[in-house]
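*Asks:* First, the structure itself, so that you have it in front of you.
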Amino acid sequence: MEGPQAPSARPGGGGDTVTETRLAESWPCASPVPLACRAPLCAFPARGGGLCVWSNADPAGQLLILRGHHDPVTAVAFGNTGSPLLVCSASRDCVIAWRLDECREQALRGADPRGAVLGALLGKVACVRYRPDDRAAAVCAGNQVLLLDVEARSVLAQLQGHQGPVTAAEFRPRQPHVVISVSEDRCFKVWDCRAASLLYSSPVLTAAPLLSLLVDEESQQLVAGCAEGQLCVCSLVESHCYRCVTRVDLRKKVESFRARTVGPRPCGWPDAPGRGDSVDATLPVLALAGCDLARVRGPDQGLLPAEGAHCLWIGSSTGSCALNLASFDLEADLRYEDFRNLSIQVAGSCAVMSSDDKAFCLLASMFGGEIVLLEVDLAALVRAQQRPVLGTPLSVLPSSRVLPTSPLHFGVAAERRPAPGGRRRTAARGAVRDQPLLFHHSVRSSGYTAAPHAAAFSRKTAVKGDRDRTSGPRNAHRQEAYPSERSVPTALRRQLAVPQGPAAVCCVRFSGDGRRLACGLASHLLLVCDAGLTGTPAVFSGHDGAVSTLGWSHNGRWLLSASRDGTLRLWSARSREAVLCLGKDVLAQPVRAAQFYYLDTFLLLSSGCELLLFKHHADARGDEMRRCRQRSRCSPVFRLPMAGAAEITCLSAVNEFYSYLVLAAGRNRAVEVFDLNAGRSAAVVAGAHTRPVHQICQNKGSSFATQQPEAYNLFATTAVGDGVRLWDLRTLRCERRFEGHPSRGYPCGVAFSPCGRLLASGAEDRHAYVYEMGSSTFSHRLSGHTDTVTAVAFSPSVPQLATATLDGRLQLFGAE
């Protein structure tokens with residue numbers, strides 16, 4: 001065939017989801033074929049060194065053929081501005097810039113379109129990119145990048161430094177003088193075109209050559225794709241120094257996405273092939289483009305649709321997919337073999353772009369000369385592959401009253417019920433009963449050993465009324481609201497070694513008023529320190545194993561601790577004595593996690609695969625004659641098994657206000673949401689991490705800070721070797737991932753700040769990391785630790801962060 005045929009459109013076999021337009025058939029073209037796509041235009045090479053430009057807005061569907069090269073075209077790119085619209089083509093003999101409006105007028109008059117030659121004999125050109133203002137173009141020729149002036153037709157800069165052929169280059173839209181290039185040497189370099197100097201050179205990122213590059217200014221990230229399906233995401237924030245945010249294995253993402261995609265397929269959607277029809281193939285990243293799914297997901301999908309809907313449209317040899325740049329999970333997957341009517345099942349070259357709710361894929365066949373354009377309806381594709389939507393959206397904030405059949409009604413009814421026998425008890429106080437006279441305390445008879453009478457009228461400083469009216473600068477800041485400005489605790493204020501010998505600190509918790517800090521040790525002890533790590537810590541002893549979980553009551557009077565000895569103990573924060581102990585005599589399985597729940601009304605704990613709810617009564621009054629008698633008591637109220645009878649590894653619930661929902665994670669890597677008002681499981685997130693979750697942290701806020709009501713639905717989960725994931729409880733979607741901290745072998749803790757803008761995490765490299773909710777990479781890296789940071793905790797009242805290490809040290813960081 002001497003020339004291209006007239007384009008023909010037809011459905012791709014998936015209803016209205018995919019529409020195919022054939023642009024060329026049976027062309028003897030060498031692979032890879034240079035392609036360019038900019039809606040509504042497409043460009044691809046023609047026979048004899050020509051370039052074909054096609055517009056789907058042209059009713060006639062005629063091809064514009066531009067001839068000026070003697071050698072085959074190896075690179076092509078469209079301009080960024082719409083007036084005039086430019087296209088640049090490059091071959092071994094020259095680089096030509098074309099004005100499409102002038103070329104069309106010349107073609108209508110019957111003349112041959114002419115372009116401007118920007119450079120000649122540059123060698124093999126692999127990529128061409130226009131600057132955002134279209135006044136210059138970056139040309140990747142061999143191991144160098146040439147910056148050509150479009151108007152003056154001269155070389156502005158020659159950038160050399162790569163050890164292999166440069167495969168792609170991009171300008172930074174907000175800094176047009178900065179060029180980023182990737183090469184087959186598996187690294188990227190950042191150049192300053194004005195000074196023709198190198199600003200940054202990355203280490204080797206992948207094992208395979210880098211093929212594609214995208215600079216996304218919306219998320220401030222740089223994405224590089226390699227020939228083996230690996231994506232390297234790096235931060236473009238100036239203070240981050242181009243550090244790597246995460247690495248994505250595209251093949252694993254596709255397999256995981258297809259495994260969890262359930263539900264009936266829409267009418268016209270092809271049936272998924274069976275296991276025998278699947279082919280094991282690599283997924284080289286051939287093309288990258290930005291993609292906005294805000295319109296597709298809608299305004300109610302997720303907490304921050306504008307941030308969570310920005311995606312990356314990826315073109316590969318066997319399909320295309322949309323990757324969320326916040327959570328690094330797939331939003332949609334389009335595999336060509338699923339649509340059997342498509343002309344191309346395996347692509348050798350690809351160019352992709354997205355516009356509104358449409359995505360375009362320009363494909364060139366690997367085994368033939370076909371070139372087709374696929375128009376993808378993103379809304380239909382995402383809708384067909386999304387998870388089943390919950391019938392009633394979940395929320396931490398209750399929207400209804402407690403049901404009469406609810407297990408929580410037991411606690412509400414007990415609070416409203418008057419004390420039994422109140423009148424009889426009052427009347428009995430005046431009656432004299434025959435009983436033996438016992439002296440529990442020493443009797444003051446003579447008064448010789450007593451204090452002078454003048455001291456009896458001195459001001460008592462320990463009465464309850466004066467305790468709330470403290471004066472002086474010590475606790476004045478406790479009554480102030482949490483600062484609303486961005487106060488990040490990054491300055492190391494104080495360090496404290498565990499006084500009971502070197503023992504690992506397993507967990508730390510601030511009290512609700514922010515005045516005390518409790519920490520559980522591997523040496524079976526529990527310590528309570530002043531919030532400023534001053535003075536002598538109070539020691540609580542009684543466990544026979546490492547203290548793995550602890551929590552404060554809402555009123556600050558009680559401490560709850562769970563140990564690896566399988567027991568649960570309730571402590572009086574004032575007397576340092578255990579007033580309640582639950583062990584094997586009450587629980588069939590050891591306690592893994594426990595906390596106060598429903599404003600201290602219940603004890604919530606996990607034992608084996610069951611979630612247990614206990615009603616408790618704590619009494620710290622001592623009986624000197626019967627010290628062994630336990631006056632506190634508890635009784636089981638309700639129990640719920642986890643789905644699949646998986647052992648519960650951690651749980652979380654809000655105790656600062658009334659909430660019906662409880663989150664639990666199991667050994668099966670799932671996170672389950674329980675509704676205790678209804679007394680059942682509300683939802684299950686299967687495969688939340690690649691490993692079992694060891695901590696669930698909810699954004700609970702504090703009494704010193706205010707947040708939007710929707711923010712309380714955020715919670716974070718963390719697993720060893722799989723980073724931290726941020727979830728929205730209303731949609732049960734992963735909204736963002738934090739993977740900048742190393743945690744490959746030891747479970748490190750996480751914590752939310754009271755304002756809800758920060759998240760802190762421990763790490764194995766002797767640092768603590770602080771993330772902002774709007775970025776997937778850490779904003780601050782806190783040093784000063786001597787071992788693995790095992791636990792972190794924010795103060796609820798002031799911008800302070802407490803960290804604990806494996807060698808038994810506590811660190812306190814404050815705002816600068």
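FYI, nothing fancy with the structure tokens labels: chains A, B, ... in order, residues from 1 per chain, ligands from 1 as they appear.
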I need the residues in range 14-169 of chain A that are alpha helix (DSSP H) according to DSSP; give them as a PyMOL selection string.

*Replies:* chain A and resi 100-108

*Asks:* Distance CA of Tyr660 in chain A-CA of Ala326 in chain A, one decimal place?

*Replies:*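 Separating CA of Tyr660 in chain A from CA of Ala326 in chain A is a distance of 29.1 Å.
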
*Asks:* Quick one: contact table of range 722-783 of chain A to range 667-673 of chain A, 12 Å max, nearest atom pair and distance in Å to one decimal per residue, counting only C-alpha atoms, chain and number order, as a tab-separated table?

*Replies:*
residue	atom	partner	partner_atom	distance
A:Asp722	CA	A:Arg669	CA	11.4
A:Arg725	CA	A:Val671	CA	12.0
A:Trp727	CA	A:Val671	CA	10.8
A:Leu729	CA	A:Val673	CA	8.9
A:Arg730	CA	A:Val673	CA	11.1
A:Thr731	CA	A:Val673	CA	11.9
A:Leu732	CA	A:Val673	CA	9.6
A:Arg733	CA	A:Val671	CA	11.7
A:Cys734	CA	A:Val671	CA	11.9

*Asks:* If you run DSSP on the backbone, which residues of range 582-725 of chain A are strand (DSSP E), as a PyMOL selection string?

*Replies:* chain A and resi 582+591-597+602-607+610-617+633-641+648-653+661-666+671-675+680-685+693-698+714-719+724-725

*Asks:* Identify, on the basis of only C-alpha atoms, every residue whose closest approach to range 166-171 of chain A does not exceed 6 Å; exclude the query and any residue fewer than 6 positions from it along the same chain; express the result as a PyMOL selection string.

*Replies:* chain A and resi 126-127+140+143+178-183+211-212

*Asks:* How would the residues just chosen look if you wrote them out with C-alpha atoms as a PDB file, in the first residue's frame?

*Replies:*
ATOM      1  CA  ALA A 126      14.639   9.592  20.202  1.00  0.00           C
ATOM      2  CA  CYS A 127      12.435  12.358  21.623  1.00  0.00           C
ATOM      3  CA  CYS A 140      17.238  14.062  22.595  1.00  0.00           C
ATOM      4  CA  ASN A 143      23.716  10.845  24.858  1.00  0.00           C
ATOM      5  CA  VAL A 178      14.565  23.578  33.784  1.00  0.00           C
ATOM      6  CA  VAL A 179      14.737  20.400  31.696  1.00  0.00           C
ATOM      7  CA  ILE A 180      14.552  16.860  33.095  1.00  0.00           C
ATOM      8  CA  SER A 181      15.839  13.950  31.000  1.00  0.00           C
ATOM      9  CA  VAL A 182      15.925  10.163  31.373  1.00  0.00           C
ATOM     10  CA  SER A 183      18.247   7.746  29.648  1.00  0.00           C
ATOM     11  CA  LEU A 211      11.689   4.848  28.491  1.00  0.00           C
ATOM     12  CA  SER A 212       9.166   7.517  29.498  1.00  0.00           C
TER      13      SER A 212
END

*Asks:* Name the closest residue to Gly551 in chain A among the candidates A:Pro84, A:Pro72, A:Gly512, A:Gly532; distances are taken between atoms, counting only C-alpha atoms.

*Replies:* A:Gly512

*Asks:* What's around Pro176 in chain A at 12 Å? Count only C-alpha atoms, leave out sequence neighbours fewer than 5 positions away in its own chain, and write the answer as a ChimeraX atom specification.

*Replies:* /A:129-138,147,170-171,191-194,215

*Asks:* Using the selection just defined, write its residues with N, CA and C atoms as a JSON list (two decimals), in the first residue's frame.

*Replies:*
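Saved file result_8.json follows:
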[["chain", "number", "residue", "atom", "x", "y", "z"],
["A", 129, "ARG", "N", 10.56, 17.62, 22.53],
["A", 129, "ARG", "CA", 9.58, 18.26, 23.39],
["A", 129, "ARG", "C", 9.68, 19.77, 23.26],
["A", 130, "TYR", "N", 8.50, 20.41, 23.13],
["A", 130, "TYR", "CA", 8.44, 21.86, 23.10],
["A", 130, "TYR", "C", 8.47, 22.43, 24.52],
["A", 131, "ARG", "N", 9.05, 23.63, 24.63],
["A", 131, "ARG", "CA", 8.98, 24.37, 25.88],
["A", 131, "ARG", "C", 7.54, 24.85, 26.07],
["A", 132, "PRO", "N", 7.09, 25.14, 27.30],
["A", 132, "PRO", "CA", 5.69, 25.54, 27.50],
["A", 132, "PRO", "C", 5.26, 26.72, 26.64],
["A", 133, "ASP", "N", 6.17, 27.64, 26.29],
["A", 133, "ASP", "CA", 5.80, 28.77, 25.44],
["A", 133, "ASP", "C", 6.05, 28.50, 23.96],
["A", 134, "ASP", "N", 6.51, 27.32, 23.60],
["A", 134, "ASP", "CA", 6.76, 26.90, 22.21],
["A", 134, "ASP", "C", 7.86, 27.71, 21.53],
["A", 135, "ARG", "N", 8.69, 28.40, 22.25],
["A", 135, "ARG", "CA", 9.76, 29.19, 21.64],
["A", 135, "ARG", "C", 11.06, 28.40, 21.54],
["A", 136, "ALA", "N", 11.12, 27.26, 22.19],
["A", 136, "ALA", "CA", 12.31, 26.42, 22.15],
["A", 136, "ALA", "C", 11.86, 24.97, 22.20],
["A", 137, "ALA", "N", 12.74, 24.09, 21.75],
["A", 137, "ALA", "CA", 12.46, 22.65, 21.74],
["A", 137, "ALA", "C", 13.68, 21.90, 22.23],
["A", 138, "ALA", "N", 13.42, 20.87, 23.05],
["A", 138, "ALA", "CA", 14.47, 19.98, 23.54],
["A", 138, "ALA", "C", 14.52, 18.75, 22.64],
["A", 147, "LEU", "N", 19.02, 22.04, 23.11],
["A", 147, "LEU", "CA", 17.96, 23.02, 23.21],
["A", 147, "LEU", "C", 18.03, 23.93, 22.00],
["A", 170, "GLU", "N", 11.55, 16.39, 29.44],
["A", 170, "GLU", "CA", 10.37, 17.21, 29.72],
["A", 170, "GLU", "C", 10.82, 18.52, 30.36],
["A", 171, "PHE", "N", 10.07, 19.61, 30.04],
["A", 171, "PHE", "CA", 10.26, 20.89, 30.70],
["A", 171, "PHE", "C", 9.36, 20.96, 31.93],
["A", 191, "TRP", "N", 18.48, 19.76, 34.46],
["A", 191, "TRP", "CA", 19.38, 20.72, 33.83],
["A", 191, "TRP", "C", 18.83, 22.14, 33.94],
["A", 192, "ASP", "N", 19.75, 23.09, 34.04],
["A", 192, "ASP", "CA", 19.42, 24.50, 33.93],
["A", 192, "ASP", "C", 19.84, 24.97, 32.54],
["A", 193, "CYS", "N", 18.84, 25.25, 31.70],
["A", 193, "CYS", "CA", 19.14, 25.58, 30.30],
["A", 193, "CYS", "C", 19.80, 26.95, 30.16],
["A", 194, "ARG", "N", 19.53, 27.86, 31.08],
["A", 194, "ARG", "CA", 20.12, 29.20, 30.96],
["A", 194, "ARG", "C", 21.62, 29.16, 31.17],
["A", 215, "VAL", "N", 6.28, 15.03, 34.10],
["A", 215, "VAL", "CA", 6.42, 16.02, 35.17],
["A", 215, "VAL", "C", 5.01, 16.50, 35.51]]

*Asks:* Using only C-alpha atoms for the distances, tell me which of A:Asp728, A:Asp513, A:Asp216, A:Asp544 is nearest to Ser702 in chain A.

*Replies:*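 When distances to Ser702 in chain A are compared using only C-alpha atoms, the smallest one comes from A:Asp513.
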
*Asks:* Env of Gly566 in chain A: 9 Å cut, atoms = only C-alpha atoms, seq-sep filter 4 positions within chain, self excluded. Answer as a list in words.

*Replies:*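 Here the answer would be Gly545, Ala562, Leu582, Gly583, Lys584, Leu587, Gln589, Pro590, Val591, Arg592 and Ser607 of chain A.
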
*Asks:* If you keep N, CA, C and O atoms, can you produce a file of those selected residues as an mmCIF file, in the first residue's frame?

*Replies:*
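The file below, part34.cif, is the result:
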data_model
loop_
_atom_site.group_PDB
_atom_site.id
_atom_site.type_symbol
_atom_site.label_atom_id
_atom_site.label_comp_id
_atom_site.auth_asym_id
_atom_site.auth_seq_id
_atom_site.Cartn_x
_atom_site.Cartn_y
_atom_site.Cartn_z
ATOM 1 N N GLY A 545 4.880 -9.895 81.170
ATOM 2 C CA GLY A 545 5.346 -9.817 79.787
ATOM 3 C C GLY A 545 5.450 -8.373 79.350
ATOM 4 O O GLY A 545 5.078 -7.436 80.077
ATOM 5 N N ALA A 562 -2.365 -3.784 78.197
ATOM 6 C CA ALA A 562 -2.387 -5.182 77.763
ATOM 7 C C ALA A 562 -0.951 -5.625 77.556
ATOM 8 O O ALA A 562 -0.124 -4.873 77.026
ATOM 9 N N LEU A 582 -7.820 -9.036 84.112
ATOM 10 C CA LEU A 582 -8.507 -10.051 83.328
ATOM 11 C C LEU A 582 -7.461 -10.968 82.722
ATOM 12 O O LEU A 582 -6.574 -10.507 82.005
ATOM 13 N N GLY A 583 -7.592 -12.246 82.999
ATOM 14 C CA GLY A 583 -6.621 -13.209 82.511
ATOM 15 C C GLY A 583 -7.281 -14.424 81.909
ATOM 16 O O GLY A 583 -8.385 -14.357 81.356
ATOM 17 N N LYS A 584 -6.617 -15.565 82.043
ATOM 18 C CA LYS A 584 -7.109 -16.794 81.445
ATOM 19 C C LYS A 584 -8.381 -17.293 82.101
ATOM 20 O O LYS A 584 -9.109 -18.102 81.509
ATOM 21 N N LEU A 587 -10.828 -14.915 79.952
ATOM 22 C CA LEU A 587 -10.654 -14.889 78.504
ATOM 23 C C LEU A 587 -10.035 -16.200 78.039
ATOM 24 O O LEU A 587 -9.084 -16.709 78.641
ATOM 25 N N GLN A 589 -8.588 -16.645 75.051
ATOM 26 C CA GLN A 589 -7.402 -16.353 74.267
ATOM 27 C C GLN A 589 -6.696 -15.131 74.855
ATOM 28 O O GLN A 589 -7.319 -14.300 75.517
ATOM 29 N N PRO A 590 -5.385 -14.983 74.624
ATOM 30 C CA PRO A 590 -4.669 -13.810 75.147
ATOM 31 C C PRO A 590 -5.195 -12.520 74.533
ATOM 32 O O PRO A 590 -5.703 -12.485 73.402
ATOM 33 N N VAL A 591 -5.073 -11.444 75.288
ATOM 34 C CA VAL A 591 -5.512 -10.123 74.847
ATOM 35 C C VAL A 591 -4.423 -9.517 73.967
ATOM 36 O O VAL A 591 -3.267 -9.430 74.368
ATOM 37 N N ARG A 592 -4.801 -9.106 72.741
ATOM 38 C CA ARG A 592 -3.851 -8.479 71.835
ATOM 39 C C ARG A 592 -3.956 -6.958 71.855
ATOM 40 O O ARG A 592 -2.970 -6.252 71.681
ATOM 41 N N SER A 607 -9.608 -10.701 71.709
ATOM 42 C CA SER A 607 -9.095 -11.958 72.241
ATOM 43 C C SER A 607 -9.251 -13.006 71.154
ATOM 44 O O SER A 607 -10.367 -13.411 70.823
#

*Asks:* Return the single residue from A:Gly229, A:Pro32, A:Pro537, A:Gly687 that is closest to Ser256 in chain A, with distances computed using only C-alpha atoms.

*Replies:* A:Gly687

*Asks:* Kindly indicate which residue among A:Ser91, A:Tyr336, A:Asp292, A:Ala716 lies nearest to Ser354 in chain A, using only C-alpha atoms for the distances.

*Replies:*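 Distance minimum relative to Ser354 in chain A lands on A:Asp292.
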
*Asks:* For Pro45 in chain A, please output as number ranges by chain all residues within 7 Å (counting only C-alpha atoms; exclusion window: fewer than 6 positions along the same chain).

*Replies:* A: 34, 51-52, 73

*Asks:* If you keep C-alpha atoms, can you produce a file of those selected residues as an mmCIF file, in the first residue's frame?

*Replies:*
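Written output follows (again.cif):
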data_model
loop_
_atom_site.group_PDB
_atom_site.id
_atom_site.type_symbol
_atom_site.label_atom_id
_atom_site.label_comp_id
_atom_site.auth_asym_id
_atom_site.auth_seq_id
_atom_site.Cartn_x
_atom_site.Cartn_y
_atom_site.Cartn_z
ATOM 1 C CA PRO A 34 7.071 7.580 16.863
ATOM 2 C CA LEU A 51 4.523 12.816 8.619
ATOM 3 C CA CYS A 52 0.738 12.266 8.809
ATOM 4 C CA VAL A 73 10.821 10.160 11.176
#

*Asks:* If I take CA of His69 in chain A and CA of Asp149 in chain A, how far is one from the other in Å, to one decimal?

*Replies:*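 Pair CA of His69 in chain A / CA of Asp149 in chain A returns 19.5 Å.
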
*Asks:* Skipping near chain neighbours, those fewer than 6 positions away, what residues fall within 6 Å of range 736-738 of chain A using only C-alpha atoms, listed as a PDB file with N, CA and C atoms, in the first residue's frame?

*Replies:*
ATOM      1  N   ALA A 326      -1.873   9.765  44.485  1.00  0.00           N
ATOM      2  CA  ALA A 326      -1.876   9.945  45.935  1.00  0.00           C
ATOM      3  C   ALA A 326      -1.793   8.608  46.664  1.00  0.00           C
ATOM      4  N   SER A 327      -2.621   7.664  46.252  1.00  0.00           N
ATOM      5  CA  SER A 327      -2.625   6.353  46.906  1.00  0.00           C
ATOM      6  C   SER A 327      -1.783   5.324  46.172  1.00  0.00           C
ATOM      7  N   GLY A 723       4.585   0.371  54.363  1.00  0.00           N
ATOM      8  CA  GLY A 723       4.327   1.779  54.574  1.00  0.00           C
ATOM      9  C   GLY A 723       3.048   2.048  55.344  1.00  0.00           C
ATOM     10  N   VAL A 724       2.541   3.274  55.171  1.00  0.00           N
ATOM     11  CA  VAL A 724       1.335   3.747  55.848  1.00  0.00           C
ATOM     12  C   VAL A 724       0.315   4.126  54.784  1.00  0.00           C
ATOM     13  N   ARG A 725      -0.927   3.732  55.006  1.00  0.00           N
ATOM     14  CA  ARG A 725      -2.004   4.063  54.087  1.00  0.00           C
ATOM     15  C   ARG A 725      -3.061   4.882  54.813  1.00  0.00           C
ATOM     16  N   LEU A 726      -3.528   5.912  54.125  1.00  0.00           N
ATOM     17  CA  LEU A 726      -4.559   6.792  54.666  1.00  0.00           C
ATOM     18  C   LEU A 726      -5.887   6.441  54.003  1.00  0.00           C
ATOM     19  N   SER A 776       2.691  12.845  49.600  1.00  0.00           N
ATOM     20  CA  SER A 776       2.993  11.446  49.871  1.00  0.00           C
ATOM     21  C   SER A 776       4.412  11.234  50.387  1.00  0.00           C
TER      22      SER A 776
END

*Asks:* Grab the CA of Ser681 in chain A to CA of Ala643 in chain A distance for me, in Å with one decimal place.

*Replies:*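 Here the two named atoms are 8.4 Å from each other.
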
*Asks:* Between A:Ala152, A:Cys226, A:Leu758, A:Ala351, which residue has the minimum interatomic distance to Val117 in chain A, considering only C-alpha atoms?

*Replies:* A:Ala152
